[in-house]
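Text of protein.cif, listed as mmCIF, C-alpha atoms and all ligand atoms:
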data_upload
loop_
_atom_site.label_atom_id
_atom_site.label_comp_id
_atom_site.auth_asym_id
_atom_site.auth_seq_id
_atom_site.Cartn_x
_atom_site.Cartn_y
_atom_site.Cartn_z
CA MET N 1 120.47 110.86 99.89
CA GLU N 2 120.11 111.83 96.24
CA THR N 3 116.43 111.71 95.29
CA LEU N 4 115.43 110.36 91.88
CA ILE N 5 112.82 112.63 90.27
CA LEU N 6 110.39 110.46 88.32
CA TYR N 7 109.60 112.58 85.27
CA GLY N 8 106.74 111.36 83.11
CA LYS N 9 108.16 112.64 79.84
CA PRO N 10 110.69 109.90 78.94
CA VAL N 11 108.21 107.21 80.01
CA ALA N 12 105.38 108.67 77.94
CA GLU N 13 107.80 109.01 75.00
CA ARG N 14 108.74 105.33 75.24
CA VAL N 15 105.04 104.38 75.24
CA ARG N 16 104.38 106.60 72.22
CA ASP N 17 107.41 105.22 70.33
CA ARG N 18 106.09 101.68 70.77
CA LEU N 19 102.67 102.82 69.56
CA LYS N 20 104.05 104.35 66.35
CA GLN N 21 105.10 100.89 65.16
CA ARG N 22 101.68 99.38 66.01
CA ILE N 23 99.92 102.27 64.25
CA ARG N 24 102.02 101.66 61.11
CA GLU N 25 101.03 98.00 61.19
CA LEU N 26 97.36 98.93 61.50
CA GLU N 27 97.78 101.34 58.60
CA GLN N 28 99.04 98.47 56.44
CA ARG N 29 95.79 96.66 57.23
CA GLY N 30 93.88 99.79 56.20
CA ILE N 31 92.89 100.68 59.77
CA ARG N 32 93.29 104.11 61.34
CA PRO N 33 92.65 104.12 65.10
CA GLY N 34 89.92 106.57 66.09
CA LEU N 35 88.92 108.16 69.40
CA ALA N 36 85.69 110.05 70.16
CA VAL N 37 85.94 112.43 73.11
CA VAL N 38 82.81 113.89 74.70
CA LEU N 39 83.00 117.05 76.79
CA VAL N 40 79.87 118.32 78.55
CA GLY N 41 79.97 121.85 79.95
CA GLU N 42 82.79 124.22 80.76
CA ASN N 43 84.88 122.63 83.54
CA PRO N 44 88.20 124.45 83.00
CA ALA N 45 90.42 121.48 83.90
CA SER N 46 88.35 119.14 81.69
CA LYS N 47 88.72 121.55 78.76
CA VAL N 48 92.51 121.44 79.16
CA TYR N 49 92.53 117.61 79.37
CA VAL N 50 90.29 117.20 76.33
CA ARG N 51 92.47 119.52 74.27
CA SER N 52 95.62 117.57 75.25
CA LYS N 53 93.93 114.29 74.32
CA ALA N 54 93.07 115.61 70.85
CA ARG N 55 96.58 117.02 70.39
CA SER N 56 98.18 113.73 71.39
CA CYS N 57 95.98 111.82 68.93
CA GLY N 58 96.98 114.24 66.17
CA GLU N 59 100.70 113.75 66.88
CA LEU N 60 100.35 109.98 66.53
CA GLY N 61 98.07 109.97 63.50
CA ILE N 62 95.08 108.73 65.49
CA LEU N 63 91.77 110.10 64.24
CA SER N 64 90.06 112.08 66.97
CA GLU N 65 86.91 114.11 67.20
CA THR N 66 85.72 116.11 70.20
CA PHE N 67 81.98 116.39 70.78
CA ARG N 68 81.14 119.45 72.90
CA LEU N 69 77.75 119.63 74.60
CA PRO N 70 76.39 122.54 76.69
CA GLU N 71 76.39 122.49 80.51
CA HIS N 72 72.58 122.07 80.69
CA THR N 73 72.57 118.94 78.44
CA GLU N 74 69.98 116.38 79.52
CA GLN N 75 70.63 112.73 80.21
CA LYS N 76 68.67 111.61 77.16
CA ALA N 77 70.74 113.70 74.77
CA LEU N 78 74.03 112.41 76.18
CA ASN N 79 72.73 108.83 76.14
CA ALA N 80 71.83 109.27 72.48
CA LEU N 81 75.28 110.64 71.61
CA VAL N 82 77.00 107.69 73.34
CA GLU N 83 74.77 105.25 71.41
CA LYS N 84 75.63 107.01 68.16
CA LEU N 85 79.37 106.81 68.88
CA ASN N 86 79.09 103.15 69.93
CA ALA N 87 77.68 102.47 66.47
CA ASP N 88 80.19 104.62 64.55
CA SER N 89 82.91 102.34 63.14
CA ARG N 90 85.36 105.25 62.71
CA PHE N 91 85.77 105.35 66.49
CA HIS N 92 87.43 102.41 68.23
CA GLY N 93 87.40 104.29 71.52
CA VAL N 94 84.66 106.39 73.14
CA LEU N 95 85.53 108.57 76.13
CA VAL N 96 83.21 110.83 78.13
CA GLN N 97 85.25 113.31 80.14
CA LEU N 98 84.43 113.32 83.86
CA PRO N 99 83.13 114.95 85.99
CA LEU N 100 79.72 115.44 84.38
CA PRO N 101 77.22 118.20 85.32
CA GLN N 102 75.07 117.27 88.32
CA GLN N 103 71.84 116.62 86.33
CA ILE N 104 73.61 113.74 84.55
CA ASP N 105 73.87 110.27 86.10
CA GLU N 106 77.53 109.44 85.54
CA LYS N 107 77.01 105.74 86.22
CA GLN N 108 74.38 105.45 83.49
CA ILE N 109 76.79 106.95 80.97
CA ILE N 110 79.72 104.73 81.95
CA HIS N 111 77.47 101.66 81.72
CA ARG N 112 76.27 102.70 78.28
CA ILE N 113 79.69 102.85 76.58
CA LEU N 114 80.41 99.54 74.84
CA PRO N 115 83.02 97.64 76.90
CA LEU N 116 85.00 97.10 73.67
CA LYS N 117 85.18 100.88 73.11
CA ASP N 118 85.74 101.75 76.77
CA VAL N 119 89.30 103.07 76.47
CA ASP N 120 89.01 104.65 79.96
CA GLY N 121 88.52 101.18 81.43
CA PHE N 122 85.64 102.43 83.61
CA HIS N 123 82.87 100.04 82.50
CA PRO N 124 81.93 97.43 85.16
CA VAL N 125 82.80 94.63 82.71
CA ASN N 126 86.33 95.99 82.29
CA ILE N 127 86.75 96.68 86.01
CA GLY N 128 85.60 93.11 86.69
CA ARG N 129 88.13 91.77 84.22
CA LEU N 130 90.87 93.83 85.91
CA VAL N 131 89.95 92.41 89.33
CA LEU N 132 90.02 88.88 87.89
CA GLY N 133 93.46 89.47 86.33
CA GLU N 134 92.08 89.11 82.80
CA GLU N 135 93.27 91.14 79.82
CA THR N 136 91.27 94.35 79.51
CA TYR N 137 91.44 98.11 79.03
CA LEU N 138 93.21 99.32 82.14
CA PRO N 139 92.22 102.70 83.60
CA CYS N 140 94.81 105.11 82.22
CA THR N 141 96.26 106.74 85.32
CA PRO N 142 96.89 103.52 87.30
CA ALA N 143 98.26 101.84 84.15
CA GLY N 144 100.56 104.83 83.65
CA ILE N 145 101.87 104.52 87.21
CA MET N 146 102.70 100.83 86.62
CA GLU N 147 104.54 101.84 83.44
CA MET N 148 106.50 104.51 85.33
CA LEU N 149 107.59 102.14 88.09
CA SER N 150 108.72 99.65 85.46
CA TYR N 151 110.63 102.28 83.45
CA TYR N 152 112.53 103.52 86.51
CA ARG N 153 113.09 99.92 87.69
CA ILE N 154 111.47 100.46 91.07
CA PRO N 155 110.83 97.05 92.65
CA VAL N 156 107.17 96.35 93.38
CA SER N 157 106.93 92.61 94.10
CA GLY N 158 106.76 91.92 97.83
CA LYS N 159 106.69 95.64 98.67
CA HIS N 160 104.07 97.40 100.76
CA VAL N 161 102.09 99.79 98.56
CA VAL N 162 99.91 102.27 100.42
CA ILE N 163 97.28 104.11 98.37
CA VAL N 164 95.59 107.25 99.66
CA GLY N 165 92.21 107.67 97.95
CA ARG N 166 89.51 105.18 96.91
CA SER N 167 88.12 106.74 93.73
CA ASN N 168 86.82 104.56 90.90
CA ILE N 169 89.24 106.32 88.52
CA VAL N 170 92.48 105.90 90.48
CA GLY N 171 92.46 104.40 93.99
CA LYS N 172 90.35 101.27 93.40
CA PRO N 173 91.89 100.18 90.08
CA MET N 174 95.38 101.05 91.37
CA ALA N 175 94.96 98.71 94.35
CA ASN N 176 93.64 95.95 92.11
CA LEU N 177 96.59 96.25 89.70
CA MET N 178 99.14 96.27 92.50
CA TYR N 179 98.14 93.04 94.24
CA GLN N 180 97.80 90.95 91.06
CA LYS N 181 100.07 87.95 90.73
CA SER N 182 101.73 89.35 87.63
CA GLU N 183 105.00 90.84 86.47
CA GLY N 184 105.55 94.35 87.83
CA ALA N 185 102.94 93.85 90.56
CA ASN N 186 102.58 91.25 93.37
CA ALA N 187 102.62 93.91 96.11
CA THR N 188 100.92 93.99 99.51
CA VAL N 189 98.32 96.75 99.40
CA THR N 190 96.75 99.07 101.96
CA ILE N 191 94.09 101.63 101.00
CA CYS N 192 93.59 104.75 103.11
CA HIS N 193 90.64 107.10 102.68
CA THR N 194 88.63 109.80 104.45
CA GLY N 195 87.42 107.21 106.96
CA THR N 196 90.95 106.17 107.98
CA ASP N 197 91.92 106.96 111.58
CA ASN N 198 95.51 108.10 112.12
CA MET N 199 96.49 107.85 108.46
CA LYS N 200 100.12 108.51 109.26
CA GLN N 201 100.54 105.09 110.89
CA TYR N 202 99.83 103.51 107.48
CA THR N 203 101.55 105.95 105.13
CA ARG N 204 104.76 105.69 107.20
CA GLN N 205 104.85 101.95 106.42
CA ALA N 206 104.75 102.45 102.65
CA ASP N 207 107.62 101.36 100.45
CA ILE N 208 105.60 102.91 97.64
CA LEU N 209 103.10 105.63 98.58
CA ILE N 210 100.53 106.54 95.91
CA VAL N 211 98.43 109.58 96.67
CA ALA N 212 95.23 110.37 94.79
CA ALA N 213 93.16 112.29 97.33
CA GLY N 214 92.66 115.65 95.64
CA VAL N 215 93.82 117.53 98.75
CA PRO N 216 96.69 119.93 98.05
CA GLU N 217 99.92 119.03 99.85
CA MET N 218 98.19 116.81 102.43
CA ILE N 219 101.17 114.41 102.59
CA THR N 220 103.91 115.95 104.70
CA ALA N 221 107.42 114.68 105.44
CA GLU N 222 106.47 113.14 108.80
CA MET N 223 103.95 110.87 107.01
CA VAL N 224 106.60 109.28 104.79
CA LYS N 225 109.19 106.60 105.50
CA GLU N 226 112.84 107.37 104.81
CA GLY N 227 113.79 105.94 101.40
CA ALA N 228 110.21 105.46 100.14
CA THR N 229 109.00 106.02 96.58
CA VAL N 230 106.20 108.60 96.40
CA ILE N 231 103.77 108.83 93.47
CA ASP N 232 101.67 112.01 93.45
CA VAL N 233 98.50 111.83 91.36
CA GLY N 234 97.11 115.14 92.64
CA VAL N 235 96.52 118.04 90.26
CA ASN N 236 95.10 120.86 92.37
CA ARG N 237 94.60 124.46 91.36
CA VAL N 238 95.67 126.57 94.32
CA PRO N 239 94.92 130.34 94.22
CA ASP N 240 98.11 132.33 93.64
CA PRO N 241 97.62 136.06 92.97
CA GLY N 242 101.29 136.31 91.95
CA ARG N 243 100.65 134.18 88.83
CA LYS N 244 99.21 135.43 85.57
CA LYS N 245 96.53 132.71 85.60
CA GLY N 246 95.71 133.44 89.26
CA TYR N 247 96.56 129.91 90.39
CA ARG N 248 99.38 127.41 90.57
CA LEU N 249 99.27 123.61 90.28
CA ALA N 250 99.97 121.70 93.48
CA GLY N 251 100.11 117.97 94.04
CA ASP N 252 98.70 116.07 97.01
CA VAL N 253 102.27 115.84 98.34
CA ALA N 254 104.29 118.69 99.88
CA PHE N 255 107.03 118.09 97.31
CA ASP N 256 109.93 120.22 98.61
CA THR N 257 110.01 118.77 102.11
CA VAL N 258 108.89 115.20 101.29
CA LYS N 259 111.54 114.97 98.55
CA GLU N 260 114.30 115.18 101.17
CA LYS N 261 113.19 111.86 102.68
CA THR N 262 112.39 109.85 99.58
CA ALA N 263 114.42 107.67 97.25
CA ALA N 264 112.17 108.67 94.35
CA ILE N 265 109.24 111.05 93.84
CA THR N 266 107.07 112.28 90.96
CA PRO N 267 106.81 116.03 90.30
CA VAL N 268 103.54 117.93 89.70
CA PRO N 269 103.22 118.91 86.95
CA GLY N 270 105.46 116.77 84.75
CA GLY N 271 104.96 113.44 86.50
CA VAL N 272 101.97 111.09 86.44
CA GLY N 273 99.80 113.52 84.44
CA LEU N 274 101.80 112.94 81.26
CA MET N 275 101.29 109.19 81.61
CA THR N 276 97.49 109.28 81.66
CA ILE N 277 97.23 110.51 78.07
CA ALA N 278 99.98 108.18 76.81
CA MET N 279 98.06 105.20 78.21
CA LEU N 280 94.83 106.48 76.66
CA MET N 281 96.60 106.43 73.30
CA GLN N 282 97.73 102.88 74.03
CA ASN N 283 94.18 101.78 74.88
CA THR N 284 92.88 103.39 71.68
CA VAL N 285 95.45 101.54 69.56
CA LYS N 286 94.57 98.31 71.38
CA ALA N 287 90.88 98.93 70.66
CA ALA N 288 91.67 99.34 66.96
CA GLU N 289 93.74 96.13 66.99
CA ASP N 290 91.00 94.21 68.81
CA HIS N 291 88.34 95.47 66.42
CA VAL N 292 86.94 92.74 64.23
N1 LIG H 1 88.50 112.85 84.62
C1 LIG H 1 89.66 112.75 85.33
N2 LIG H 1 90.40 111.72 84.87
C2 LIG H 1 89.71 111.17 83.84
C3 LIG H 1 89.97 110.09 82.96
O1 LIG H 1 90.99 109.38 83.03
N3 LIG H 1 89.01 109.84 82.04
C4 LIG H 1 87.88 110.58 81.94
N4 LIG H 1 87.00 110.24 81.01
N5 LIG H 1 87.60 111.58 82.75
C5 LIG H 1 88.51 111.88 83.70
#
Please go through the file and, once you have read it, give me the structure as structure tokens.
Ligand code: GUN
Amino acid sequence: METLILYGKPVAERVRDRLKQRIRELEQRGIRPGLAVVLVGENPASKVYVRSKARSCGELGILSETFRLPEHTEQKALNALVEKLNADSRFHGVLVQLPLPQQIDEKQIIHRILPLKDVDGFHPVNIGRLVLGEETYLPCTPAGIMEMLSYYRIPVSGKHVVIVGRSNIVGKPMANLMYQKSEGANATVTICHTGTDNMKQYTRQADILIVAAGVPEMITAEMVKEGATVIDVGVNRVPDPGRKKGYRLAGDVAFDTVKEKTAAITPVPGGVGLMTIAMLMQNTVKAAEDHV
């Protein structure tokens, strides 16, 4: 069977093309969308993500500013910065890159960002709205996966979607998007996690398998049903002395062998990762439009 490789690039480009029109319309109203990005410390992956977010804003004509704080930053200082950005009308979106250093209470920070500026969709108010099927800022990675499935015309309604991972950023919002009674969703959902016994019995039932576990190549061919669609959210740095950087990027799925069984599969890199930033841009434009 010929496997369809689900590249993120054309999907992200379609999202960005739609945004260009909305940004022009905002411009005519004298509004330039703005995004504040906060990076605390030196997490190498976070530094890469934050740079890509700024670059993507620049390409679309969205104002962006990155606020860099040292690793030892105290809670009070970060709280104060979030308050300042909440009050700054240049920024329609405020994003604090996760993970945060261990002395910082992540929950306190997420709660402090104004729900109307929460372009990550992590605030409890926005998560609640998502669960209730109300309009809100959708977390970027799950929203990007919905966009990808729609672009490649992969049927979702009535299908069994199995999600591996229960994080607040991906697994939980993904499950909640998938079972909604709405266009592009309406699936039956199973969530597997570190407490799941005999995970294979569930993953083998998936019409669509979405893996966001952060464990390199944990999904092997025997765990996947013939003809399934596999969405790999994993971005793992695996030591590789043969590479200049000393590592390679691996997904949570053993791509080469799993690919042989699937109807469609996302690559890493070049798959879901590209969608996350495109959806962040979309949320930022929405925040500017919603701004009164
Ligand atoms: N860390 C990993 N993914 C994300 C994300 O989507 N948003 C933020 N703020 N931090 C992250």
Problem set entry | Using only C-alpha atoms: which of N:Ile145, N:Val215, N:Leu6, N:Ile31 has the shortest distance to Val235 in chain N |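 When distances to Val235 in chain N are compared using only C-alpha atoms, the smallest one comes from N:Val215.
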Problem set entry | Minimum-distance residue to ligand LIG 1 (chain H), chosen among N:Val224, N:Val40, N:Leu132, N:Ile219 (using only C-alpha atoms and all ligand atoms) | N:Val40
Contacts of chain N with ligand LIG 1 (chain H) up to 7 Å, shortest pair per row, all atoms listed in the file, as a tab-separated table:
residue	atom	partner	partner_atom	distance
N:Ser46	CA	H:LIG1	N1	6.9
N:Leu95	CA	H:LIG1	N4	5.4
N:Val96	CA	H:LIG1	N4	4.8
N:Gln97	CA	H:LIG1	N4	3.6
N:Leu98	CA	H:LIG1	N5	3.8
N:Pro99	CA	H:LIG1	N1	5.9
N:Asp120	CA	H:LIG1	N3	5.6
N:Pro139	CA	H:LIG1	O1	6.8
N:Cys140	CA	H:LIG1	O1	5.8
N:Thr141	CA	H:LIG1	O1	6.3
N:Ile169	CA	H:LIG1	O1	6.5
N:Thr276	CA	H:LIG1	O1	6.6
For this session: Show which residues sit within 9 Å of Gly133 in chain N, as a list in words. Count all atoms listed in the file, and ignore same-chain residues fewer than 5 positions away.
Result: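 Selected residues are Gly128, Asn176, Leu177, Gln180, Lys181 and Ser182 of chain N.
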For this session: Name the closest residue to Tyr152 in chain N among the candidates N:Leu280, N:Val170, N:Ala288, N:Ile265; distances are taken between atoms, counting all atoms listed in the file.
Result: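 Of the candidates, the smallest distance to Tyr152 in chain N is held by N:Ile265.
Restricting the calculation to only C-alpha atoms, the smallest distance between Gly61 in chain N and any of N:Leu19, N:Val268, N:Val38, N:Leu85 is found for N:Leu19.
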For this session: Considering all atoms listed in the file, return as a PyMOL selection string whatever protein or nucleic-acid residues lie within 12 Å of Ser167 in chain N, sequence-local ones (same chain, fewer than 6 positions apart) excluded.
Result: chain N and resi 122+139+141-142+173-175+191-194+211-214+233
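The two atoms in question, CA of Lys244 in chain N and CA of Ala54 in chain N, are spaced 25.4 Å apart.
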For this session: Using all atoms listed in the file, collect all residues at a distance of at most 9 Å from (95.8, 97.7, 66.1) as written in the file, then present them as a ChimeraX atom specification.
Result: /N:22-27,29,31-33,284-291
For this session: Find the spatial neighbours of Met279 in chain N, counting all atoms listed in the file, within a cut-off of 12 Å - ignore same-chain residues fewer than 4 positions away - and output them as a PyMOL selection string.
Result: chain N and resi 8+11-16+18-19+53+56-57+119-121+137-148+272-275+283-286
For this session: In Å, rounded to a single decimal, give me how far CA of Lys20 in chain N is from CA of Glu59 in chain N.
Result: 10.0 Å
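Considering all atoms listed in the file, the residue among N:Leu69, N:Val156, N:Ala263, N:Ala221 positioned nearest to Val189 in chain N is N:Val156.
Atom pair CA of His92 in chain N / CA of Ala80 in chain N: separated by 17.6 Å.
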Seminar exercise, completed: Using all atoms listed in the file, the shortest atom-to-atom distance to Glu42 in chain N among N:Pro70, N:Gly30, N:Gly246, N:Pro10 belongs to N:Pro70
For this session: For Arg55 in chain N, work out the shell of residues within 12 Å, counting only C-alpha atoms and skipping chain neighbours fewer than 2 positions away, then give it as a PyMOL selection string.
Result: chain N and resi 35+37+48-53+57-66+277-278+281
For this session: Name the residues in contact with Asp252 in chain N at a cut-off of 6 Å, using all atoms listed in the file, excluding same-chain residues fewer than 4 positions from it; report them as a PyMOL selection string.
Result: chain N and resi 215-218+234
Centre and size of axis-aligned box enclosing range 251-258 of chain N plus 4 Å each side, as lines of an AutoDock Vina configuration file:
center_x = 104.4
center_y = 117.7
center_z = 98.1
size_x = 19.3
size_y = 13.0
size_z = 16.1
